[in-house]
file query_21.cif (mmCIF, C-alpha atoms)
data_coords
#
loop_
_atom_site.label_atom_id
_atom_site.label_comp_id
_atom_site.auth_asym_id
_atom_site.auth_seq_id
_atom_site.Cartn_x
_atom_site.Cartn_y
_atom_site.Cartn_z
CA MET A 295 -69.76 5.33 -12.61
CA ARG A 296 -69.02 3.53 -9.34
CA LEU A 297 -68.55 0.25 -11.20
CA ARG A 298 -66.12 1.88 -13.64
CA VAL A 299 -64.11 3.34 -10.75
CA LEU A 300 -64.12 -0.04 -8.99
CA PHE A 301 -62.95 -1.90 -12.11
CA ALA A 302 -60.23 0.71 -12.72
CA ALA A 303 -59.03 0.35 -9.14
CA LEU A 304 -58.96 -3.43 -9.40
CA ALA A 305 -57.06 -3.23 -12.68
CA ALA A 306 -54.48 -0.87 -11.20
CA PHE A 307 -54.10 -3.11 -8.15
CA SER A 308 -53.54 -6.17 -10.34
CA VAL A 309 -50.76 -4.38 -12.24
CA VAL A 310 -48.98 -3.40 -9.04
CA ALA A 311 -49.64 -6.57 -7.11
CA GLY A 312 -49.04 -9.01 -9.95
CA PRO A 313 -45.26 -9.37 -9.60
CA SER A 314 -45.45 -9.54 -5.80
CA ALA A 315 -48.15 -12.19 -5.90
CA GLN A 316 -46.06 -14.14 -8.38
CA ALA A 317 -42.99 -13.78 -6.17
CA GLU A 318 -44.88 -15.05 -3.11
CA ASN A 319 -45.34 -18.45 -4.75
CA TRP A 320 -41.86 -18.58 -6.24
CA PRO A 321 -40.33 -21.03 -6.89
CA SER A 322 -43.02 -23.61 -7.52
CA ARG A 323 -41.03 -25.49 -10.19
CA PRO A 324 -37.35 -25.96 -11.16
CA VAL A 325 -35.28 -22.87 -11.94
CA LYS A 326 -32.83 -22.91 -14.84
CA ILE A 327 -29.50 -21.06 -14.58
CA ILE A 328 -27.89 -20.57 -17.97
CA ALA A 329 -24.08 -20.77 -17.94
CA PRO A 330 -22.91 -19.13 -21.19
CA PHE A 331 -19.68 -21.12 -21.23
CA ALA A 332 -18.62 -24.75 -21.48
CA ALA A 333 -18.81 -27.13 -18.52
CA GLY A 334 -15.77 -27.28 -16.27
CA GLY A 335 -14.81 -23.60 -16.33
CA ALA A 336 -15.12 -20.99 -13.60
CA ALA A 337 -18.63 -19.97 -14.68
CA ASP A 338 -19.80 -23.57 -14.48
CA THR A 339 -18.04 -24.20 -11.14
CA LEU A 340 -19.45 -21.07 -9.49
CA GLY A 341 -22.89 -21.67 -10.96
CA ARG A 342 -23.12 -25.20 -9.62
CA LEU A 343 -21.90 -24.20 -6.15
CA ILE A 344 -24.61 -21.56 -5.89
CA ALA A 345 -27.28 -23.72 -7.58
CA ASP A 346 -26.77 -26.44 -4.95
CA HIS A 347 -27.24 -23.95 -2.13
CA LEU A 348 -30.30 -22.33 -3.72
CA SER A 349 -31.88 -25.74 -4.25
CA SER A 350 -31.57 -26.46 -0.54
CA ALA A 351 -32.67 -22.99 0.53
CA PHE A 352 -35.79 -22.81 -1.63
CA HIS A 353 -36.69 -26.54 -1.61
CA GLU A 354 -36.85 -26.58 -5.41
CA GLN A 355 -34.30 -27.62 -7.99
CA PHE A 356 -31.94 -24.98 -9.42
CA TYR A 357 -29.99 -26.50 -12.28
CA ILE A 358 -27.26 -25.38 -14.68
CA GLU A 359 -27.76 -25.40 -18.42
CA ASN A 360 -24.48 -24.88 -20.29
CA ARG A 361 -25.11 -22.86 -23.42
CA GLY A 362 -21.72 -21.76 -24.73
CA GLY A 363 -20.79 -19.97 -27.91
CA ALA A 364 -19.46 -16.66 -29.23
CA GLY A 365 -17.61 -15.71 -26.05
CA GLY A 366 -20.70 -15.99 -23.87
CA ILE A 367 -23.01 -14.07 -26.20
CA VAL A 368 -25.29 -17.01 -27.05
CA GLY A 369 -26.13 -17.86 -23.43
CA ALA A 370 -26.31 -14.24 -22.30
CA LEU A 371 -28.76 -13.39 -25.08
CA ALA A 372 -30.96 -16.34 -24.08
CA GLY A 373 -30.94 -15.06 -20.50
CA ALA A 374 -31.82 -11.52 -21.56
CA GLN A 375 -34.71 -12.74 -23.73
CA ALA A 376 -36.22 -15.07 -21.10
CA GLU A 377 -39.51 -14.33 -19.39
CA PRO A 378 -38.91 -12.21 -16.25
CA ASP A 379 -40.69 -14.69 -14.00
CA GLY A 380 -37.70 -15.92 -11.98
CA TYR A 381 -37.53 -19.35 -13.64
CA THR A 382 -34.60 -18.49 -15.91
CA LEU A 383 -31.46 -16.90 -14.49
CA VAL A 384 -28.06 -16.53 -16.12
CA ILE A 385 -24.42 -16.47 -15.10
CA SER A 386 -23.35 -13.01 -16.21
CA SER A 387 -19.68 -12.07 -16.58
CA ILE A 388 -17.16 -9.46 -17.61
CA ALA A 389 -16.84 -11.30 -20.94
CA SER A 390 -20.53 -11.56 -21.82
CA ASN A 391 -21.85 -8.36 -20.25
CA VAL A 392 -18.97 -5.90 -20.61
CA ILE A 393 -16.40 -6.91 -23.22
CA SER A 394 -18.50 -8.68 -25.87
CA PRO A 395 -21.18 -5.95 -26.26
CA ALA A 396 -18.44 -3.34 -26.69
CA PHE A 397 -16.16 -5.44 -28.89
CA ASN A 398 -18.81 -6.94 -31.17
CA GLY A 399 -21.45 -4.24 -31.25
CA ASN A 400 -24.19 -6.64 -32.43
CA THR A 401 -24.80 -8.97 -29.50
CA GLY A 402 -28.52 -8.21 -29.45
CA TYR A 403 -28.48 -7.01 -25.84
CA ASP A 404 -27.11 -4.30 -23.59
CA GLY A 405 -25.02 -5.78 -20.78
CA VAL A 406 -26.49 -3.47 -18.16
CA ARG A 407 -29.95 -2.37 -19.35
CA ASP A 408 -31.28 -5.73 -20.55
CA PHE A 409 -30.58 -7.63 -17.32
CA THR A 410 -31.61 -7.59 -13.69
CA HIS A 411 -28.29 -7.90 -11.88
CA ILE A 412 -28.74 -9.89 -8.70
CA ALA A 413 -25.50 -10.94 -7.00
CA TYR A 414 -21.77 -10.86 -7.65
CA LEU A 415 -20.11 -14.26 -7.26
CA GLY A 416 -16.43 -13.59 -7.88
CA GLY A 417 -13.70 -14.49 -10.26
CA PRO A 418 -10.05 -15.39 -10.64
CA PRO A 419 -7.54 -12.62 -11.37
CA ALA A 420 -5.43 -12.22 -14.48
CA VAL A 421 -1.75 -13.14 -14.38
CA MET A 422 1.16 -12.30 -16.64
CA VAL A 423 3.22 -15.44 -17.21
CA VAL A 424 6.36 -16.13 -19.20
CA HIS A 425 8.19 -19.25 -20.31
CA PRO A 426 11.23 -19.87 -18.05
CA SER A 427 13.53 -19.48 -21.04
CA LEU A 428 12.67 -15.77 -21.22
CA ALA A 429 15.39 -13.98 -19.28
CA VAL A 430 13.15 -12.01 -16.90
CA THR A 431 12.20 -12.70 -13.31
CA THR A 432 10.18 -9.60 -12.41
CA TYR A 433 7.58 -7.39 -14.05
CA LYS A 434 10.07 -4.51 -14.15
CA ASP A 435 12.61 -6.78 -15.89
CA PHE A 436 9.97 -7.62 -18.44
CA LEU A 437 9.14 -3.95 -19.06
CA ALA A 438 12.78 -3.17 -19.74
CA LEU A 439 12.98 -6.04 -22.22
CA ALA A 440 9.70 -5.18 -23.92
CA ARG A 441 10.49 -1.49 -24.32
CA ALA A 442 13.92 -2.25 -25.75
CA SER A 443 12.61 -4.78 -28.26
CA LYS A 444 12.59 -3.61 -31.88
CA GLU A 445 9.88 -6.12 -32.76
CA PRO A 446 6.47 -6.48 -31.09
CA LEU A 447 6.40 -9.20 -28.45
CA SER A 448 4.01 -12.04 -29.24
CA TYR A 449 1.68 -12.98 -26.41
CA ILE A 450 -1.06 -15.56 -25.98
CA SER A 451 -4.53 -15.17 -24.51
CA PRO A 452 -7.57 -17.47 -24.31
CA GLY A 453 -9.06 -15.57 -27.25
CA THR A 454 -9.92 -12.22 -28.76
CA GLY A 455 -12.42 -10.44 -26.55
CA THR A 456 -11.46 -12.29 -23.36
CA ASN A 457 -10.26 -10.55 -20.22
CA GLY A 458 -6.75 -11.92 -20.80
CA PHE A 459 -6.70 -10.26 -24.22
CA LEU A 460 -7.93 -6.96 -22.79
CA VAL A 461 -5.38 -7.01 -19.96
CA GLY A 462 -2.56 -7.78 -22.39
CA GLU A 463 -3.49 -4.86 -24.63
CA TYR A 464 -4.11 -2.53 -21.70
CA LEU A 465 -0.66 -3.18 -20.26
CA ALA A 466 1.03 -2.69 -23.64
CA ARG A 467 -0.68 0.67 -24.12
CA GLU A 468 -0.15 1.93 -20.59
CA GLU A 469 3.47 0.76 -20.37
CA ARG A 470 4.34 1.84 -23.92
CA TYR A 471 5.60 -1.33 -25.54
CA LYS A 472 4.43 -3.16 -28.65
CA VAL A 473 2.77 -6.56 -28.73
CA SER A 474 1.39 -8.99 -31.27
CA HIS A 475 -1.66 -10.85 -30.00
CA ILE A 476 -1.91 -14.60 -30.68
CA PRO A 477 -5.53 -15.58 -29.90
CA TYR A 478 -6.57 -19.15 -29.10
CA LYS A 479 -9.89 -20.92 -28.70
CA GLY A 480 -9.61 -21.29 -24.96
CA ALA A 481 -6.92 -21.30 -22.32
CA GLY A 482 -5.95 -24.95 -22.80
CA PRO A 483 -4.51 -24.65 -26.32
CA ALA A 484 -2.91 -21.31 -25.43
CA LEU A 485 -1.08 -22.77 -22.45
CA THR A 486 0.07 -25.76 -24.51
CA ASP A 487 2.02 -23.50 -26.86
CA LEU A 488 3.29 -21.37 -24.00
CA LEU A 489 4.53 -24.41 -22.08
CA ALA A 490 6.26 -25.67 -25.22
CA GLY A 491 8.07 -22.35 -25.55
CA HIS A 492 6.64 -21.53 -28.97
CA ILE A 493 5.35 -18.27 -27.44
CA LYS A 494 7.15 -16.78 -24.44
CA LEU A 495 4.50 -14.49 -22.95
CA GLY A 496 0.86 -14.72 -21.92
CA THR A 497 -1.88 -12.94 -19.97
CA VAL A 498 -4.37 -15.54 -18.78
CA THR A 499 -6.83 -16.29 -16.03
CA PHE A 500 -4.85 -17.28 -12.94
CA SER A 501 -6.81 -20.45 -12.24
CA THR A 502 -5.92 -21.93 -15.66
CA ALA A 503 -2.17 -21.47 -15.08
CA ALA A 504 -1.96 -22.11 -11.33
CA GLU A 505 -0.69 -25.70 -11.55
CA GLN A 506 1.96 -24.84 -14.14
CA ILE A 507 3.10 -21.91 -12.01
CA ARG A 508 3.28 -24.10 -8.93
CA ALA A 509 5.30 -26.71 -10.85
CA GLY A 510 7.74 -24.12 -12.19
CA ALA A 511 6.78 -24.75 -15.81
CA LEU A 512 5.70 -21.11 -16.09
CA ARG A 513 6.97 -18.03 -14.27
CA ALA A 514 4.37 -15.60 -12.95
CA LEU A 515 5.49 -11.97 -13.03
CA ALA A 516 2.44 -10.22 -11.58
CA VAL A 517 -1.18 -10.90 -10.67
CA SER A 518 -4.15 -8.51 -10.81
CA THR A 519 -5.37 -8.89 -7.22
CA GLU A 520 -5.41 -6.13 -4.60
CA LYS A 521 -3.23 -8.22 -2.28
CA ARG A 522 -1.01 -11.24 -2.83
CA ILE A 523 -2.74 -14.59 -3.16
CA PRO A 524 -2.32 -16.51 0.11
CA ASN A 525 -1.55 -19.80 -1.65
CA PHE A 526 1.01 -18.06 -3.90
CA PRO A 527 2.67 -15.48 -1.63
CA ASP A 528 5.76 -15.14 -3.84
CA ILE A 529 3.83 -13.63 -6.76
CA PRO A 530 3.67 -9.82 -6.51
CA THR A 531 0.63 -7.84 -7.56
CA PHE A 532 0.71 -5.43 -10.49
CA ARG A 533 0.08 -2.66 -7.98
CA GLU A 534 3.24 -3.62 -6.06
CA SER A 535 5.12 -3.68 -9.36
CA GLY A 536 4.19 -0.13 -10.24
CA ARG A 537 1.06 -0.55 -12.38
CA ASP A 538 -2.27 0.06 -10.63
CA LEU A 539 -4.20 -2.81 -12.21
CA VAL A 540 -6.82 -4.67 -10.17
CA THR A 541 -9.26 -6.78 -12.16
CA ALA A 542 -10.81 -10.23 -12.29
CA THR A 543 -12.55 -12.48 -14.77
CA TRP A 544 -15.70 -12.14 -12.70
CA PHE A 545 -18.98 -14.03 -12.79
CA ALA A 546 -22.33 -13.27 -11.21
CA ILE A 547 -26.02 -14.18 -11.14
CA SER A 548 -28.37 -12.06 -13.22
CA GLY A 549 -31.72 -12.48 -14.91
CA PRO A 550 -33.78 -10.81 -17.61
CA ALA A 551 -34.78 -7.19 -17.04
CA HIS A 552 -37.79 -6.47 -14.81
CA LEU A 553 -37.53 -9.45 -12.46
CA PRO A 554 -39.85 -9.08 -9.44
CA THR A 555 -38.04 -7.28 -6.64
CA ASP A 556 -38.95 -9.91 -4.05
CA ILE A 557 -37.28 -12.65 -6.09
CA VAL A 558 -34.18 -10.53 -6.62
CA ARG A 559 -33.86 -9.87 -2.89
CA GLU A 560 -34.34 -13.51 -1.94
CA VAL A 561 -31.82 -14.84 -4.45
CA ASN A 562 -29.31 -12.17 -3.44
CA ARG A 563 -29.72 -12.96 0.26
CA GLU A 564 -29.25 -16.71 -0.21
CA THR A 565 -26.36 -16.26 -2.64
CA LEU A 566 -24.46 -14.08 -0.18
CA LYS A 567 -25.20 -16.62 2.53
CA ALA A 568 -23.67 -19.35 0.35
CA LEU A 569 -20.57 -17.28 -0.40
CA ARG A 570 -19.92 -16.92 3.34
CA LEU A 571 -19.87 -20.69 3.94
CA PRO A 572 -16.38 -21.97 4.91
CA GLU A 573 -16.60 -24.90 2.50
CA VAL A 574 -17.47 -22.58 -0.39
CA GLN A 575 -14.68 -20.18 0.54
CA ALA A 576 -12.23 -23.08 0.66
CA ARG A 577 -13.31 -24.29 -2.78
CA LEU A 578 -12.98 -20.83 -4.31
CA ALA A 579 -9.54 -20.33 -2.76
CA VAL A 580 -8.23 -23.25 -4.83
CA ASP A 581 -8.68 -21.14 -7.98
CA ALA A 582 -7.80 -17.82 -6.26
CA ILE A 583 -11.39 -16.67 -6.78
CA GLU A 584 -12.18 -13.61 -4.70
CA THR A 585 -15.76 -12.80 -3.73
CA LYS A 586 -17.46 -9.51 -2.92
CA LEU A 587 -20.71 -9.34 -0.99
CA MET A 588 -22.83 -6.84 -2.93
CA SER A 589 -26.48 -5.87 -2.83
CA PRO A 590 -28.36 -5.88 -6.17
CA GLU A 591 -27.96 -2.10 -6.37
CA GLU A 592 -24.23 -2.28 -5.64
CA PHE A 593 -23.72 -5.02 -8.18
CA THR A 594 -25.69 -3.17 -10.88
CA LYS A 595 -23.47 -0.12 -10.32
CA PHE A 596 -20.41 -2.39 -10.46
CA VAL A 597 -21.41 -3.69 -13.91
CA ALA A 598 -21.99 -0.13 -15.12
CA ASP A 599 -18.59 0.95 -13.74
CA GLU A 600 -16.86 -2.02 -15.38
CA THR A 601 -18.47 -1.05 -18.67
CA LEU A 602 -17.19 2.51 -18.35
CA ARG A 603 -13.75 1.15 -17.51
CA TRP A 604 -13.28 -1.45 -20.24
CA ALA A 605 -15.71 -0.68 -23.08
CA PRO A 606 -13.66 2.19 -24.58
CA LEU A 607 -10.59 -0.06 -24.88
CA ALA A 608 -12.65 -2.92 -26.31
CA LYS A 609 -14.23 -0.63 -28.91
CA SER A 610 -10.83 0.81 -29.82
CA LEU A 611 -9.36 -2.66 -30.32
CA ALA A 612 -12.33 -3.71 -32.42
CA ALA A 613 -11.89 -0.67 -34.64
CA ASN A 614 -8.10 -1.05 -34.86
CA PRO A 615 -7.28 -4.78 -34.61
#

call {"tool": "encode", "arguments": {"input": "query_21.cif", "output": "structure tokens"}}
result
Amino acid sequence: MRLRVLFAALAAFSVVAGPSAQAENWPSRPVKIIAPFAAGGAADTLGRLIADHLSSAFHEQFYIENRGGAGGIVGALAGAQAEPDGYTLVISSIASNVISPAFNGNTGYDGVRDFTHIAYLGGPPAVMVVHPSLAVTTYKDFLALARASKEPLSYISPGTGTNGFLVGEYLAREERYKVSHIPYKGAGPALTDLLAGHIKLGTVTFSTAAEQIRAGALRALAVSTEKRIPNFPDIPTFRESGRDLVTATWFAISGPAHLPTDIVREVNRETLKALRLPEVQARLAVDAIETKLMSPEEFTKFVADETLRWAPLAKSLAANP
């Protein structure tokens, strides 16, 4: 009887202590961070900035593996299905964890439940831009034109299911004007047609249009930040223009569900430390990327709140394209 009690106690201890013991020796080999989008974008840029800092902090290599496809679904699914041992993390995002599960319905994962959400990184805002030939200079001018138009206004976005697409449809519904969405496979091709004047209107990620705005090739009507962007002080926010819209194409660090708590805390602590560095802040400011210093609990709630905010619209658009 005593032996059975002893073995049962040891077994229970091993179940409880297993993850902590594993976390104590972590990391003992390189850690992969899956970026579910192509190299060169905001997800890749943010991922590499944080990976460099984590490599130095933990004295082990953290490296980015770009695994794009299906609007972030391919890489996000790989992250959700990884072993919860801390050696595979993933760059989560509003696209892969909020919009795609709601819009597609068959991603194979739940954007909240099937991940351990570790730390918010940040993201560039959305901006409404028009070709200079369109006779509007303010958001209110645009609304007057759009509401008076007998035909739906065509607008570009980086693609169906992206944040730019969702913002474009949200504004049309809230402001009561009609639009015709022209989706593209990425921001580059979309901006090419917008710059050429083939399409006059777009809702895109600010960082992709910043240089064209600065050069005067595109006119920015409003941006989805809480306050004006310091490097672009002449662009009003949507909130200033009468529409309470604050949103970003955000990215973060997550992992598969059930990651050991010690690992989550350590990665969160070092990630927030990296985001406070002046050189990192300066790099993010170039693309108007705003950061928020959240605990794992705060970030998990943020993802859940974003899902409540945007999933109904995404599902409605999927059902009524």

call {"tool": "residues_around", "arguments": {"input": "query_21.cif", "residues": "Glu463 (chain A)", "least_positions_apart": "6", "cutoff": "10 Å", "atoms": "all atoms listed in the file", "output": "list in words"}}
result
Tyr449, Asn457, Glu469, Tyr471, Lys472, Val473, Ser474, His475, Thr497, Leu607, Ala608 and Leu611 of chain A

call {"tool": "closest_residue", "arguments": {"input": "query_21.cif", "among": "A:Glu520, A:Asp379, A:Glu564, A:Asp528", "to": "Glu318 (chain A)", "atoms": "all atoms listed in the file"}}
result
A:Asp379

call {"tool": "closest_residue", "arguments": {"input": "query_21.cif", "among": "A:Lys494, A:Arg513, A:Lys595, A:His411", "to": "Thr555 (chain A)", "atoms": "all atoms listed in the file"}}
result
A:His411

call {"tool": "resolve_selection", "arguments": {"input": "query_21.cif", "expression": "the PyMOL selection byres ((chain A and resi 536) around 12)", "output": "short mmCIF file (atom, residue, chain, number, x, y, z; two decimals) with C-alpha atoms, in the frame of the given file"}}
result
data_model
loop_
_atom_site.label_atom_id
_atom_site.label_comp_id
_atom_site.auth_asym_id
_atom_site.auth_seq_id
_atom_site.Cartn_x
_atom_site.Cartn_y
_atom_site.Cartn_z
CA THR A 432 10.18 -9.60 -12.41
CA TYR A 433 7.58 -7.39 -14.05
CA LYS A 434 10.07 -4.51 -14.15
CA LEU A 437 9.14 -3.95 -19.06
CA LEU A 465 -0.66 -3.18 -20.26
CA GLU A 468 -0.15 1.93 -20.59
CA GLU A 469 3.47 0.76 -20.37
CA ALA A 516 2.44 -10.22 -11.58
CA SER A 518 -4.15 -8.51 -10.81
CA PRO A 530 3.67 -9.82 -6.51
CA THR A 531 0.63 -7.84 -7.56
CA PHE A 532 0.71 -5.43 -10.49
CA ARG A 533 0.08 -2.66 -7.98
CA GLU A 534 3.24 -3.62 -6.06
CA SER A 535 5.12 -3.68 -9.36
CA ARG A 537 1.06 -0.55 -12.38
CA ASP A 538 -2.27 0.06 -10.63
CA LEU A 539 -4.20 -2.81 -12.21
CA VAL A 540 -6.82 -4.67 -10.17
#

call {"tool": "residues_around", "arguments": {"input": "query_21.cif", "residues": "Trp544 (chain A)", "least_positions_apart": "3", "cutoff": "10 Å", "atoms": "all atoms listed in the file", "output": "VMD selection string"}}
result
chain A and resid 336 to 337 386 to 389 414 to 419 457 541 583 to 585

call {"tool": "atom_distance", "arguments": {"input": "query_21.cif", "atom1": "CA of Gly363 (chain A)", "atom2": "CA of Ser501 (chain A)"}}
result
21.0 Å

call {"tool": "closest_residue", "arguments": {"input": "query_21.cif", "among": "A:Ala579, A:Val461, A:Leu343, A:Ala546", "to": "Val421 (chain A)", "atoms": "only C-alpha atoms"}}
result
A:Val461

call {"tool": "atom_distance", "arguments": {"input": "query_21.cif", "atom1": "CA of Asn391 (chain A)", "atom2": "CA of Leu578 (chain A)"}}
result
22.1 Å

call {"tool": "atom_distance", "arguments": {"input": "query_21.cif", "atom1": "CA of Ala351 (chain A)", "atom2": "CA of Val406 (chain A)"}}
result
27.7 Å

call {"tool": "decode", "arguments": {"input": "query_21.cif", "residues": "region 446-469 of chain A", "atoms": "N, CA, C and O atoms", "output": "mmCIF file, in the first residue's frame"}}
result
data_model
loop_
_atom_site.group_PDB
_atom_site.id
_atom_site.type_symbol
_atom_site.label_atom_id
_atom_site.label_comp_id
_atom_site.auth_asym_id
_atom_site.auth_seq_id
_atom_site.Cartn_x
_atom_site.Cartn_y
_atom_site.Cartn_z
ATOM 1 N N PRO A 446 -21.496 52.444 -57.225
ATOM 2 C CA PRO A 446 -20.543 52.110 -56.161
ATOM 3 C C PRO A 446 -19.134 52.573 -56.529
ATOM 4 O O PRO A 446 -18.721 52.481 -57.691
ATOM 5 N N LEU A 447 -18.414 53.072 -55.552
ATOM 6 C CA LEU A 447 -17.032 53.499 -55.772
ATOM 7 C C LEU A 447 -16.105 52.281 -55.700
ATOM 8 O O LEU A 447 -16.162 51.519 -54.736
ATOM 9 N N SER A 448 -15.273 52.116 -56.697
ATOM 10 C CA SER A 448 -14.295 51.024 -56.677
ATOM 11 C C SER A 448 -13.147 51.402 -55.747
ATOM 12 O O SER A 448 -12.675 52.541 -55.748
ATOM 13 N N TYR A 449 -12.702 50.428 -54.948
ATOM 14 C CA TYR A 449 -11.551 50.690 -54.094
ATOM 15 C C TYR A 449 -10.643 49.462 -54.076
ATOM 16 O O TYR A 449 -11.107 48.325 -54.245
ATOM 17 N N ILE A 450 -9.371 49.708 -53.888
ATOM 18 C CA ILE A 450 -8.387 48.625 -53.853
ATOM 19 C C ILE A 450 -8.034 48.290 -52.415
ATOM 20 O O ILE A 450 -8.132 49.118 -51.508
ATOM 21 N N SER A 451 -7.621 47.036 -52.212
ATOM 22 C CA SER A 451 -7.038 46.605 -50.943
ATOM 23 C C SER A 451 -5.980 45.561 -51.271
ATOM 24 O O SER A 451 -5.933 45.059 -52.403
ATOM 25 N N PRO A 452 -5.125 45.209 -50.295
ATOM 26 C CA PRO A 452 -4.122 44.167 -50.560
ATOM 27 C C PRO A 452 -4.709 42.789 -50.801
ATOM 28 O O PRO A 452 -3.988 41.867 -51.169
ATOM 29 N N GLY A 453 -6.009 42.613 -50.580
ATOM 30 C CA GLY A 453 -6.622 41.312 -50.840
ATOM 31 C C GLY A 453 -7.841 41.071 -49.984
ATOM 32 O O GLY A 453 -8.002 41.676 -48.910
ATOM 33 N N THR A 454 -8.704 40.198 -50.436
ATOM 34 C CA THR A 454 -9.883 39.816 -49.670
ATOM 35 C C THR A 454 -9.447 39.151 -48.360
ATOM 36 O O THR A 454 -8.611 38.256 -48.363
ATOM 37 N N GLY A 455 -10.021 39.600 -47.265
ATOM 38 C CA GLY A 455 -9.662 39.042 -45.973
ATOM 39 C C GLY A 455 -8.563 39.796 -45.252
ATOM 40 O O GLY A 455 -8.256 39.481 -44.102
ATOM 41 N N THR A 456 -7.968 40.803 -45.897
ATOM 42 C CA THR A 456 -6.940 41.602 -45.232
ATOM 43 C C THR A 456 -7.594 42.694 -44.390
ATOM 44 O O THR A 456 -8.789 42.981 -44.516
ATOM 45 N N ASN A 457 -6.799 43.330 -43.544
ATOM 46 C CA ASN A 457 -7.329 44.406 -42.718
ATOM 47 C C ASN A 457 -7.781 45.586 -43.570
ATOM 48 O O ASN A 457 -8.770 46.249 -43.258
ATOM 49 N N GLY A 458 -7.057 45.855 -44.659
ATOM 50 C CA GLY A 458 -7.459 46.937 -45.563
ATOM 51 C C GLY A 458 -8.836 46.691 -46.151
ATOM 52 O O GLY A 458 -9.650 47.611 -46.282
ATOM 53 N N PHE A 459 -9.108 45.461 -46.525
ATOM 54 C CA PHE A 459 -10.420 45.078 -47.043
ATOM 55 C C PHE A 459 -11.487 45.281 -45.987
ATOM 56 O O PHE A 459 -12.560 45.863 -46.236
ATOM 57 N N LEU A 460 -11.211 44.820 -44.766
ATOM 58 C CA LEU A 460 -12.196 44.934 -43.697
ATOM 59 C C LEU A 460 -12.484 46.398 -43.362
ATOM 60 O O LEU A 460 -13.638 46.787 -43.159
ATOM 61 N N VAL A 461 -11.438 47.217 -43.300
ATOM 62 C CA VAL A 461 -11.618 48.638 -43.008
ATOM 63 C C VAL A 461 -12.434 49.311 -44.109
ATOM 64 O O VAL A 461 -13.327 50.126 -43.833
ATOM 65 N N GLY A 462 -12.134 48.990 -45.362
ATOM 66 C CA GLY A 462 -12.882 49.572 -46.473
ATOM 67 C C GLY A 462 -14.364 49.254 -46.404
ATOM 68 O O GLY A 462 -15.218 50.127 -46.622
ATOM 69 N N GLU A 463 -14.687 48.001 -46.082
ATOM 70 C CA GLU A 463 -16.088 47.595 -45.992
ATOM 71 C C GLU A 463 -16.757 48.167 -44.741
ATOM 72 O O GLU A 463 -17.930 48.554 -44.780
ATOM 73 N N TYR A 464 -16.016 48.221 -43.659
ATOM 74 C CA TYR A 464 -16.546 48.792 -42.417
ATOM 75 C C TYR A 464 -16.952 50.254 -42.621
ATOM 76 O O TYR A 464 -18.053 50.672 -42.233
ATOM 77 N N LEU A 465 -16.069 51.021 -43.244
ATOM 78 C CA LEU A 465 -16.357 52.438 -43.461
ATOM 79 C C LEU A 465 -17.564 52.622 -44.372
ATOM 80 O O LEU A 465 -18.423 53.477 -44.119
ATOM 81 N N ALA A 466 -17.652 51.807 -45.426
ATOM 82 C CA ALA A 466 -18.784 51.924 -46.344
ATOM 83 C C ALA A 466 -20.100 51.648 -45.627
ATOM 84 O O ALA A 466 -21.102 52.347 -45.838
ATOM 85 N N ARG A 467 -20.113 50.640 -44.762
ATOM 86 C CA ARG A 467 -21.338 50.307 -44.040
ATOM 87 C C ARG A 467 -21.698 51.362 -43.008
ATOM 88 O O ARG A 467 -22.860 51.760 -42.890
ATOM 89 N N GLU A 468 -20.706 51.805 -42.249
ATOM 90 C CA GLU A 468 -20.965 52.774 -41.190
ATOM 91 C C GLU A 468 -21.328 54.147 -41.741
ATOM 92 O O GLU A 468 -22.151 54.866 -41.163
ATOM 93 N N GLU A 469 -20.708 54.517 -42.862
ATOM 94 C CA GLU A 469 -20.925 55.853 -43.426
ATOM 95 C C GLU A 469 -22.012 55.881 -44.497
ATOM 96 O O GLU A 469 -22.307 56.926 -45.074
#
